[in-house]
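Source file: run.cif (mmCIF, C-alpha atoms)
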```cif
data_data
loop_
_atom_site.label_atom_id
_atom_site.label_comp_id
_atom_site.auth_asym_id
_atom_site.auth_seq_id
_atom_site.Cartn_x
_atom_site.Cartn_y
_atom_site.Cartn_z
CA MET T 1 0.00 0.00 0.00
CA ASN T 2 1.51 3.36 -0.97
CA ALA T 3 1.42 6.63 0.96
CA GLU T 4 -1.65 7.89 -0.86
CA ASP T 5 -3.63 4.79 -0.04
CA THR T 6 -2.94 5.11 3.66
CA ARG T 7 -4.38 8.63 3.75
CA ASP T 8 -7.66 8.25 1.91
CA ARG T 9 -9.78 6.80 4.70
CA SER T 10 -12.02 9.86 4.62
CA ALA T 11 -13.41 8.78 1.28
CA VAL T 12 -17.14 8.73 0.83
CA ALA T 13 -19.28 7.63 -2.05
CA GLU T 14 -20.77 10.81 -3.56
CA PRO T 15 -21.14 13.08 -0.51
CA GLY T 16 -24.05 15.50 -0.39
CA ALA T 17 -26.46 13.02 -1.94
CA GLN T 18 -29.42 14.56 -3.79
CA GLN T 19 -32.93 13.25 -3.29
CA SER T 20 -34.09 11.64 -6.50
CA THR T 21 -37.34 12.59 -8.18
CA GLN T 22 -37.18 9.46 -10.36
CA HIS T 23 -38.17 5.92 -9.43
CA PHE T 24 -35.47 3.56 -8.19
CA GLU T 25 -34.24 1.56 -11.22
CA LEU T 26 -34.05 -2.19 -10.56
CA ALA T 27 -32.64 -3.29 -13.90
CA PRO T 28 -29.80 -0.92 -14.77
CA GLU T 29 -27.43 -2.15 -17.46
CA ARG T 30 -24.55 -1.30 -15.17
CA ILE T 31 -23.97 0.45 -11.88
CA GLU T 32 -21.50 3.27 -11.43
CA VAL T 33 -20.15 4.10 -7.99
CA CYS T 34 -18.00 7.19 -7.53
CA LEU T 35 -15.61 7.46 -4.58
CA ARG T 36 -14.31 10.92 -3.76
CA VAL T 37 -11.07 10.45 -1.93
CA LYS T 38 -8.51 12.79 -0.37
CA GLY T 39 -4.89 11.67 -0.59
CA ALA T 40 -1.35 12.96 -0.38
CA SER T 41 -1.42 14.31 -3.95
CA GLY T 42 -4.83 15.94 -3.81
CA ARG T 43 -8.40 14.87 -4.38
CA TYR T 44 -9.38 11.87 -6.49
CA GLU T 45 -12.63 11.00 -8.18
CA LEU T 46 -12.63 7.23 -8.60
CA ARG T 47 -15.38 5.85 -10.83
CA HIS T 48 -16.17 2.14 -10.66
CA ARG T 49 -18.34 0.37 -13.24
CA LEU T 50 -19.99 -2.85 -12.11
CA ARG T 51 -22.58 -5.23 -13.40
CA PRO T 52 -25.68 -5.25 -11.18
CA PRO T 53 -25.37 -7.94 -8.48
CA ALA T 54 -27.81 -10.87 -8.61
CA LEU T 55 -29.17 -12.92 -5.71
CA GLU T 56 -26.42 -15.50 -6.20
CA ASP T 57 -23.76 -12.77 -5.88
CA TRP T 58 -25.18 -11.64 -2.54
CA ARG T 59 -25.51 -15.24 -1.34
CA ALA T 60 -21.84 -15.82 -2.11
CA TYR T 61 -21.00 -12.53 -0.38
CA GLU T 62 -22.82 -13.60 2.78
CA ARG T 63 -21.09 -16.99 2.73
CA GLU T 64 -17.73 -15.26 2.40
CA LEU T 65 -18.55 -12.94 5.31
CA ARG T 66 -18.15 -15.99 7.62
CA SER T 67 -20.06 -14.17 10.35
CA THR T 68 -19.47 -15.52 13.84
CA VAL T 69 -20.50 -14.78 17.41
CA GLU T 70 -18.23 -15.66 20.34
CA ALA T 71 -17.99 -14.97 24.05
CA ALA T 72 -15.53 -12.12 24.50
CA GLU T 73 -12.49 -13.52 26.31
CA GLU T 74 -11.89 -10.39 28.36
CA GLU T 75 -15.56 -10.10 29.39
CA PRO T 76 -17.32 -13.48 29.39
CA ASP T 77 -20.83 -11.99 29.59
CA ALA T 78 -20.32 -9.98 26.40
CA LEU T 79 -20.67 -11.30 22.86
CA ARG T 80 -18.21 -10.51 20.11
CA PHE T 81 -19.59 -10.41 16.56
CA ALA T 82 -17.06 -10.75 13.75
CA SER T 83 -17.07 -11.13 9.99
CA CYS T 84 -14.60 -11.03 7.09
CA SER T 85 -16.23 -7.97 5.53
CA LEU T 86 -13.13 -6.75 3.66
CA GLU T 87 -12.43 -10.12 2.08
CA ALA T 88 -16.08 -10.72 1.19
CA ALA T 89 -16.41 -7.24 -0.34
CA GLY T 90 -13.20 -7.79 -2.31
CA ALA T 91 -14.47 -11.07 -3.74
CA LEU T 92 -17.87 -9.55 -4.64
CA TYR T 93 -16.23 -6.52 -6.26
CA ASN T 94 -14.00 -8.79 -8.36
CA ARG T 95 -17.04 -10.73 -9.60
CA LEU T 96 -18.93 -7.55 -10.55
CA PHE T 97 -16.05 -5.46 -11.90
CA GLN T 98 -16.37 -4.06 -15.41
CA GLY T 99 -13.99 -1.11 -15.26
CA ALA T 100 -12.62 1.77 -13.21
CA GLU T 101 -11.48 5.31 -13.96
CA GLY T 102 -9.49 7.80 -11.96
CA TYR T 103 -6.59 5.44 -11.28
CA ARG T 104 -3.13 5.66 -12.86
CA ALA T 105 -1.01 2.56 -13.45
CA ALA T 106 2.12 2.91 -15.59
CA SER T 107 2.38 -0.75 -16.52
CA THR T 108 -1.14 -1.25 -17.92
CA ASN T 109 -1.63 1.55 -20.48
CA GLY T 110 -4.58 2.97 -18.59
CA ALA T 111 -6.56 -0.28 -18.46
CA ILE T 112 -7.22 -1.09 -14.83
CA SER T 113 -7.97 -4.60 -13.60
CA ALA T 114 -9.97 -5.47 -10.47
CA GLU T 115 -6.86 -6.92 -8.84
CA GLN T 116 -5.17 -3.50 -8.90
CA ILE T 117 -7.91 -1.72 -6.93
CA PRO T 118 -7.07 -1.28 -3.22
CA LEU T 119 -9.11 -3.59 -1.02
CA HIS T 120 -10.61 -0.80 1.09
CA HIS T 121 -11.79 0.99 -2.10
CA LYS T 122 -13.58 -2.23 -3.05
CA GLU T 123 -15.14 -2.37 0.40
CA MET T 124 -16.42 1.23 0.09
CA VAL T 125 -17.88 0.49 -3.35
CA VAL T 126 -19.70 -2.60 -2.05
CA ARG T 127 -21.02 -0.61 0.91
CA GLY T 128 -22.45 1.84 -1.62
CA LEU T 129 -24.18 -1.03 -3.44
CA SER T 130 -25.93 -2.24 -0.32
CA ASP T 131 -27.11 1.11 1.04
CA VAL T 132 -30.73 0.38 1.90
CA ALA T 133 -32.43 0.79 5.29
CA PRO T 134 -35.80 1.47 6.89
CA ALA T 135 -37.07 4.91 5.89
CA ALA T 136 -36.44 7.85 8.20
CA SER T 137 -37.49 7.65 11.84
CA ALA T 138 -40.73 9.26 12.93
CA ALA T 139 -38.87 12.38 14.12
CA GLN T 140 -37.15 12.77 10.75
CA GLN T 141 -40.44 12.21 8.94
CA GLU T 142 -41.99 15.09 10.89
CA GLU T 143 -39.25 17.37 9.61
CA SER T 144 -39.81 16.25 6.03
CA ASP T 145 -42.00 18.25 3.67
CA GLU T 146 -43.34 15.10 2.04
CA VAL T 147 -46.89 14.13 2.95
CA ALA T 148 -47.79 10.43 2.91
CA LEU T 149 -51.28 9.02 2.38
CA PHE T 150 -52.96 7.41 5.40
CA SER T 151 -53.90 3.85 4.51
CA LEU T 152 -57.54 2.82 4.97
CA ASP T 153 -56.86 -0.63 3.59
CA PRO T 154 -56.84 -3.35 6.30
CA GLU T 155 -55.94 -6.00 3.72
CA HIS T 156 -52.42 -4.66 3.29
CA VAL T 157 -49.44 -3.70 5.43
CA GLU T 158 -46.94 -1.15 4.16
CA VAL T 159 -43.30 -0.63 5.03
CA ALA T 160 -41.09 2.13 3.63
CA LEU T 161 -37.38 1.95 2.83
CA ALA T 162 -34.76 4.52 1.93
CA ALA T 163 -31.88 3.74 -0.42
CA SER T 164 -29.05 5.57 -2.08
CA ARG T 165 -27.05 4.83 -5.18
CA ASN T 166 -24.39 6.86 -6.91
CA GLY T 167 -25.09 10.08 -5.04
CA GLU T 168 -28.88 9.95 -5.29
CA THR T 169 -31.22 8.99 -2.47
CA TRP T 170 -34.73 7.57 -2.56
CA ARG T 171 -36.62 8.11 0.70
CA ASN T 172 -40.03 6.59 0.09
CA LEU T 173 -39.68 3.13 -1.42
CA VAL T 174 -42.91 1.47 -0.32
CA HIS T 175 -43.53 -2.27 -0.11
CA VAL T 176 -47.14 -3.37 0.32
CA PHE T 177 -47.62 -6.83 1.83
CA ARG T 178 -50.60 -9.00 2.54
CA PRO T 179 -50.96 -9.24 6.34
CA PRO T 180 -48.58 -11.96 7.56
CA SER T 181 -50.12 -15.06 9.17
CA ALA T 182 -48.93 -16.89 12.27
CA ALA T 183 -47.26 -19.39 9.94
CA ASP T 184 -45.33 -16.55 8.28
CA ARG T 185 -44.24 -15.31 11.71
CA VAL T 186 -43.03 -18.81 12.62
CA GLU T 187 -41.22 -19.10 9.30
CA TYR T 188 -39.44 -15.79 9.95
CA SER T 189 -38.38 -16.99 13.41
CA ARG T 190 -37.24 -20.31 11.90
CA ILE T 191 -35.08 -18.56 9.31
CA THR T 192 -33.49 -16.14 11.74
CA SER T 193 -32.94 -18.65 14.57
CA GLN T 194 -30.91 -21.31 12.76
CA ALA T 195 -27.17 -21.27 13.42
CA LEU T 196 -24.24 -23.62 13.81
CA TYR T 197 -22.12 -23.98 16.93
CA VAL T 198 -18.51 -25.08 16.95
CA ARG T 199 -17.99 -28.19 19.07
CA ASN T 200 -15.36 -27.90 21.81
CA SER T 201 -14.89 -24.19 21.21
CA ASN T 202 -13.53 -22.41 24.30
CA THR T 203 -15.28 -19.20 23.26
CA LEU T 204 -18.63 -20.92 22.48
CA LYS T 205 -18.28 -19.95 18.85
CA THR T 206 -21.41 -19.72 16.72
CA VAL T 207 -21.35 -19.52 12.93
CA LEU T 208 -24.20 -17.46 11.46
CA PRO T 209 -25.43 -18.78 8.10
CA SER T 210 -26.77 -16.59 5.31
CA ARG T 211 -30.39 -15.60 6.03
CA LEU T 212 -30.82 -14.03 2.62
CA PRO T 213 -32.36 -16.95 0.65
CA GLY T 214 -34.97 -17.65 3.33
CA LEU T 215 -35.92 -14.00 3.78
CA VAL T 216 -36.14 -13.49 0.02
CA ALA T 217 -38.48 -16.50 -0.26
CA LEU T 218 -40.65 -15.11 2.54
CA TYR T 219 -40.79 -11.70 0.85
CA ASP T 220 -41.81 -13.33 -2.43
CA ARG T 221 -44.67 -15.08 -0.63
CA LEU T 222 -46.04 -11.94 1.03
CA ILE T 223 -45.45 -9.06 -1.35
CA GLU T 224 -48.40 -7.56 -3.24
CA GLN T 225 -47.31 -4.18 -4.61
CA VAL T 226 -44.44 -1.72 -4.50
CA ARG T 227 -44.21 2.02 -5.10
CA GLY T 228 -41.19 4.09 -6.03
CA TYR T 229 -39.49 1.43 -8.19
CA GLN T 230 -39.14 0.82 -11.90
CA ALA T 231 -37.49 -1.83 -14.09
CA ALA T 232 -36.04 -0.77 -17.45
CA GLY T 233 -37.95 2.50 -17.12
CA GLN T 234 -41.34 0.84 -16.52
CA PRO T 235 -43.15 0.97 -13.14
CA LEU T 236 -43.50 -2.38 -11.40
CA THR T 237 -47.19 -3.22 -11.35
CA GLU T 238 -47.35 -7.03 -11.60
CA ARG T 239 -46.63 -9.17 -8.55
CA ALA T 240 -44.61 -11.60 -10.67
CA ALA T 241 -42.45 -8.74 -11.92
CA ILE T 242 -41.81 -7.55 -8.37
CA VAL T 243 -40.74 -11.04 -7.34
CA ARG T 244 -38.47 -11.30 -10.39
CA GLN T 245 -36.97 -7.81 -10.39
CA MET T 246 -36.78 -6.56 -6.81
CA ASP T 247 -33.28 -6.15 -5.39
CA PRO T 248 -32.66 -9.01 -2.90
CA LEU T 249 -31.26 -6.61 -0.30
CA HIS T 250 -34.41 -4.47 -0.50
CA LYS T 251 -36.44 -7.67 -0.08
CA ARG T 252 -34.47 -8.57 3.03
CA VAL T 253 -34.77 -5.17 4.72
CA ALA T 254 -38.48 -4.90 3.88
CA VAL T 255 -39.35 -8.33 5.28
CA GLN T 256 -37.24 -7.67 8.40
CA LEU T 257 -39.15 -4.44 8.91
CA LEU T 258 -42.45 -6.28 8.46
CA LEU T 259 -41.73 -9.22 10.77
CA GLY T 260 -38.71 -8.33 12.88
CA ASP T 261 -38.88 -7.42 16.54
CA MET L 262 -13.20 -28.14 14.99
CA GLN L 263 -16.58 -29.24 13.71
CA ALA L 264 -19.52 -26.87 13.21
CA VAL L 265 -22.96 -28.42 13.82
CA TRP L 266 -26.50 -27.04 13.54
CA ALA L 267 -27.68 -26.29 17.09
CA SER L 268 -31.16 -27.51 16.13
CA GLN L 269 -29.85 -30.91 14.97
CA ASP L 270 -27.57 -31.92 17.85
CA ARG L 271 -30.08 -33.49 20.20
CA GLU L 272 -27.77 -34.21 23.14
CA ALA L 273 -26.13 -30.79 23.09
CA LEU L 274 -29.55 -29.15 22.77
CA ARG L 275 -30.86 -31.12 25.76
CA LYS L 276 -27.95 -29.85 27.89
CA ALA L 277 -28.41 -26.31 26.57
CA ILE L 278 -32.12 -26.29 27.44
CA TRP L 279 -31.38 -27.51 30.96
CA SER L 280 -28.67 -24.90 31.36
CA HIS L 281 -31.10 -22.25 30.07
CA LEU L 282 -33.80 -23.26 32.57
CA THR L 283 -31.48 -23.47 35.57
CA GLU L 284 -29.46 -20.34 34.82
CA PRO L 285 -29.41 -18.22 38.02
CA LEU L 286 -31.59 -15.13 38.02
CA PRO L 287 -29.94 -11.71 38.06
CA GLY L 288 -28.75 -11.00 41.59
CA ALA L 289 -28.13 -14.66 42.37
CA ARG L 290 -25.25 -15.28 44.77
CA ARG L 291 -23.70 -18.36 43.25
CA ALA L 292 -21.49 -18.21 40.23
CA LYS L 293 -23.22 -17.85 36.89
CA ALA L 294 -23.78 -21.10 35.08
CA GLN L 295 -21.75 -21.67 31.97
CA ARG L 296 -22.92 -19.55 29.05
CA LEU L 297 -24.64 -21.10 26.10
CA ALA L 298 -23.39 -20.76 22.59
CA TYR L 299 -25.42 -18.04 20.83
CA ALA L 300 -26.68 -20.67 18.37
CA PHE L 301 -28.51 -22.45 21.21
CA GLU L 302 -29.86 -19.23 22.70
CA MET L 303 -31.46 -18.38 19.35
CA TRP L 304 -32.90 -21.85 18.77
CA ILE L 305 -34.32 -22.12 22.31
CA ALA L 306 -35.98 -18.70 21.84
CA HIS L 307 -37.56 -20.06 18.64
CA LEU L 308 -38.79 -23.17 20.48
CA ALA L 309 -40.27 -20.97 23.21
CA LEU L 310 -42.15 -18.98 20.56
CA LEU L 311 -43.50 -22.21 19.06
CA GLU L 312 -44.49 -23.47 22.49
CA GLN L 313 -46.49 -20.29 23.17
CA LEU L 314 -48.10 -20.48 19.75
CA LEU L 315 -49.13 -24.11 20.29
CA GLU L 316 -50.90 -23.11 23.52
CA MET L 317 -53.07 -20.67 21.55
CA ILE L 318 -53.51 -22.21 18.12
CA PRO L 319 -53.72 -25.84 17.01
CA VAL L 320 -50.84 -26.42 14.59
CA SER L 321 -50.79 -29.45 12.37
CA ALA L 322 -47.79 -31.78 12.59
CA GLN L 323 -47.05 -31.05 8.94
CA GLU L 324 -46.29 -27.43 9.79
CA LEU L 325 -43.59 -28.38 12.28
CA GLN L 326 -40.14 -29.47 11.25
CA ALA L 327 -38.75 -32.64 12.81
CA ALA L 328 -36.05 -30.65 14.59
CA GLU L 329 -38.71 -28.36 16.04
CA LEU L 330 -40.77 -31.31 17.32
CA ASP L 331 -37.65 -32.86 18.91
CA GLY L 332 -36.77 -29.52 20.46
CA LEU L 333 -40.27 -29.03 21.87
CA LEU L 334 -40.21 -32.53 23.42
CA LEU L 335 -36.82 -31.78 24.98
CA LEU L 336 -38.13 -28.47 26.30
CA ARG L 337 -41.18 -30.14 27.83
CA ALA L 338 -39.10 -32.91 29.44
CA ALA L 339 -36.68 -30.34 30.85
CA ARG L 340 -39.54 -28.29 32.30
CA GLU L 341 -41.00 -31.40 34.01
CA GLN L 342 -37.60 -32.28 35.47
CA PHE L 343 -37.23 -28.67 36.63
CA ARG L 344 -40.59 -28.77 38.39
CA ARG L 345 -39.58 -32.01 40.17
CA GLU L 346 -36.20 -30.75 41.33
CA TYR L 347 -36.81 -27.08 42.10
CA ARG L 348 -39.23 -25.19 44.31
CA ALA L 349 -40.19 -21.52 44.56
CA CYS L 350 -38.54 -19.53 47.36
CA ASN L 351 -41.10 -18.49 50.00
CA GLU L 352 -39.53 -15.02 50.23
CA CYS L 353 -38.73 -13.93 46.70
CA GLY L 354 -40.16 -16.58 44.39
CA ALA L 355 -36.82 -17.53 42.81
CA ALA L 356 -36.25 -21.15 41.80
CA VAL L 357 -34.44 -22.98 44.60
CA LYS L 358 -32.79 -26.39 44.64
CA GLY L 359 -31.84 -27.21 48.22
CA LYS L 360 -32.46 -25.14 51.33
CA ILE L 361 -30.89 -21.74 50.64
CA CYS L 362 -32.28 -19.37 48.05
CA PRO L 363 -29.47 -18.31 45.71
CA ARG L 364 -31.07 -14.88 45.22
CA CYS L 365 -32.25 -13.68 48.64
CA GLY L 366 -30.51 -16.16 50.95
CA ALA L 367 -33.74 -17.19 52.66
CA VAL L 368 -33.57 -20.64 54.22
CA GLY L 369 -36.44 -22.91 53.37
CA GLN L 370 -37.31 -26.53 54.05
#
```
Rewrite the structure from the file as structure tokens, please.
Amino acid sequence: MNAEDTRDRSAVAEPGAQQSTQHFELAPERIEVCLRVKGASGRYELRHRLRPPALEDWRAYERELRSTVEAAEEEPDALRFASCSLEAAGALYNRLFQGAEGYRAASTNGAISAEQIPLHHKEMVVRGLSDVAPAASAAQQEESDEVALFSLDPEHVEVALAASRNGETWRNLVHVFRPPSAADRVEYSRITSQALYVRNSNTLKTVLPSRLPGLVALYDRLIEQVRGYQAAGQPLTERAAIVRQMDPLHKRVAVQLLLGD
Amino acid sequence: MQAVWASQDREALRKAIWSHLTEPLPGARRAKAQRLAYAFEMWIAHLALLEQLLEMIPVSAQELQAAELDGLLLLRAAREQFRREYRACNECGAAVKGKICPRCGAVGQ
């Protein structure tokens, strides 16, 4: 790692994100993530071109995270969560990489390969890809100028997400579900309660498996409509299209918001 | 070292459920029982949810997984053993095995 690399930890993906007036596109041909980085020689604008990740890419990412929970040795009552986030992000980035600009490499005539990108840049890019969360808290919503419609429909339950991509944010991505049954609640508990323990581990090590496939399947069972999304420029109106096109990470956060504690 | 599903290892789950039931309450005087691996804590919490659900709603056997049925049977057996071996403290209500309450120190019969 050179001197510049050690000084660019303040990098952020597109600071000062603008709220988008468009729908969130679920089927982009490619994704561009821009990192603005300060280093020893000045400011850099590092553009990364990636193919959109599919469910299988995120499944592999979660496997490579190797998330574990152990008793903290210095404080036995505390739990220590750990994962290989850098390595997993690096592997995902390498699978999705299509090109990068803003880097200079004398030996490659300007063509940059994924292997040349610093690992922590890859990690920042992947963080930018997975930036989705429950929509603003109630206090933040009160400050917002946007007015939502009060639902009079007892047949549906809505949850709202916020996401950002490439400097734009979407604050009202709405997922409309049929009301979950007791069986759905049990299924959610089943998915989120399964884990492996390591026999004869002094620290009572637990290995957390990927929850993504199970949560995605549960989402697909419950979802009815969405608002704020489009695929190839067209709004998502059909349930089958939502199931097919919706970003797996959005599915996961939405179903956690619906059924989580 | 070998990693095993907490829900599938019957003997380890049986010990974990017993440890969970007999874990001293906060404020207990004796040393804390050995911690459970997080995997068991999560699975036992799931079994407890199922147990509560079964008290309210009839659930067909087809809706339960084999590991869940095994876990529920282990939980029930552990509760019965607990009721045989422990009593409630006359002073504070904590579970007591023997004469001295581990929480309040009251001496019972």
> For the file shown, what are the residues hit by the PyMOL selection byres ((chain T) within 9 of (chain L)), laid out as a PyMOL selection string?
Replying inline: chain T and resi 69-71+76-77+79+182-183+186+189-190+192-201+203-208
Write a file of the selected residues as a short mmCIF file (atom, residue, chain, number, x, y, z; two decimals), in the coordinates of the input, keeping C-alpha atoms.
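Result file selection.cif:
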```
data_model
loop_
_atom_site.label_atom_id
_atom_site.label_comp_id
_atom_site.auth_asym_id
_atom_site.auth_seq_id
_atom_site.Cartn_x
_atom_site.Cartn_y
_atom_site.Cartn_z
CA VAL T 69 -20.50 -14.78 17.41
CA GLU T 70 -18.23 -15.66 20.34
CA ALA T 71 -17.99 -14.97 24.05
CA PRO T 76 -17.32 -13.48 29.39
CA ASP T 77 -20.83 -11.99 29.59
CA LEU T 79 -20.67 -11.30 22.86
CA ALA T 182 -48.93 -16.89 12.27
CA ALA T 183 -47.26 -19.39 9.94
CA VAL T 186 -43.03 -18.81 12.62
CA SER T 189 -38.38 -16.99 13.41
CA ARG T 190 -37.24 -20.31 11.90
CA THR T 192 -33.49 -16.14 11.74
CA SER T 193 -32.94 -18.65 14.57
CA GLN T 194 -30.91 -21.31 12.76
CA ALA T 195 -27.17 -21.27 13.42
CA LEU T 196 -24.24 -23.62 13.81
CA TYR T 197 -22.12 -23.98 16.93
CA VAL T 198 -18.51 -25.08 16.95
CA ARG T 199 -17.99 -28.19 19.07
CA ASN T 200 -15.36 -27.90 21.81
CA SER T 201 -14.89 -24.19 21.21
CA THR T 203 -15.28 -19.20 23.26
CA LEU T 204 -18.63 -20.92 22.48
CA LYS T 205 -18.28 -19.95 18.85
CA THR T 206 -21.41 -19.72 16.72
CA VAL T 207 -21.35 -19.52 12.93
CA LEU T 208 -24.20 -17.46 11.46
#
```
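Residues matched by the PyMOL selection byres ((chain T and resi 227) around 6) in this structure: Leu173, Val174, Val226, Gly228 and Tyr229 of chain T.
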>> So the first atom is CA of Leu222 (chain T) and the second is CA of Leu55 (chain T); what is the distance between them in Å, to one decimal place?
In response: 18.2 Å
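Atom pair CA of Tyr61 (chain T) / CA of Ser85 (chain T) has a distance of 8.9 Å (rounded to one decimal).
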> How far is it from CA of Ala162 (chain T) to CA of Ile223 (chain T), in Å with one decimal?
Replying inline: 17.6 Å
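Look at Arg211 (chain T): the protein and nucleic acid residues within 9 Å of it, using all atoms listed in the file and passing over chain neighbours fewer than 4 places away, are Arg59, Glu62, Ile191, Thr192, Gln194, Leu215, Val216 and Arg252 of chain T.
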> Do you know which residues are at most 12 Å from Asp153 (chain T) counting only C-alpha atoms, after dropping those on the same chain fewer than 4 positions away, and could you put them as an MDAnalysis selection string?
Replying inline: chainID T and resid 149 157:158 176:179
> Using the chain letters and numbers from the file, which residues does the PyMOL selection byres ((chain L and resi 336) around 9) grab, as a ChimeraX atom specification?
Replying inline: /L:275,278-279,305,308-309,312,331-335,337-341
>> Env of Leu249 (chain T): 10 Å cut, atoms = only C-alpha atoms, seq-sep filter 5 positions within chain, self excluded. Answer as an MDAnalysis selection string.
In response: chainID T and resid 54:55 58 129:133 212 215:216 254:255
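Closest approach to Val125 (chain T) from the set T:Ala100, T:Val253, T:Ala78, T:Leu218 is made by T:Ala100, with distances taken over all atoms listed in the file.
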>> Just want the 12 Å neighbourhood of Glu352 (chain L), counted on only C-alpha atoms, with same-chain residues fewer than 4 positions away dropped. Output as a PyMOL selection string.
In response: chain L and resi 348+356-357+361-369
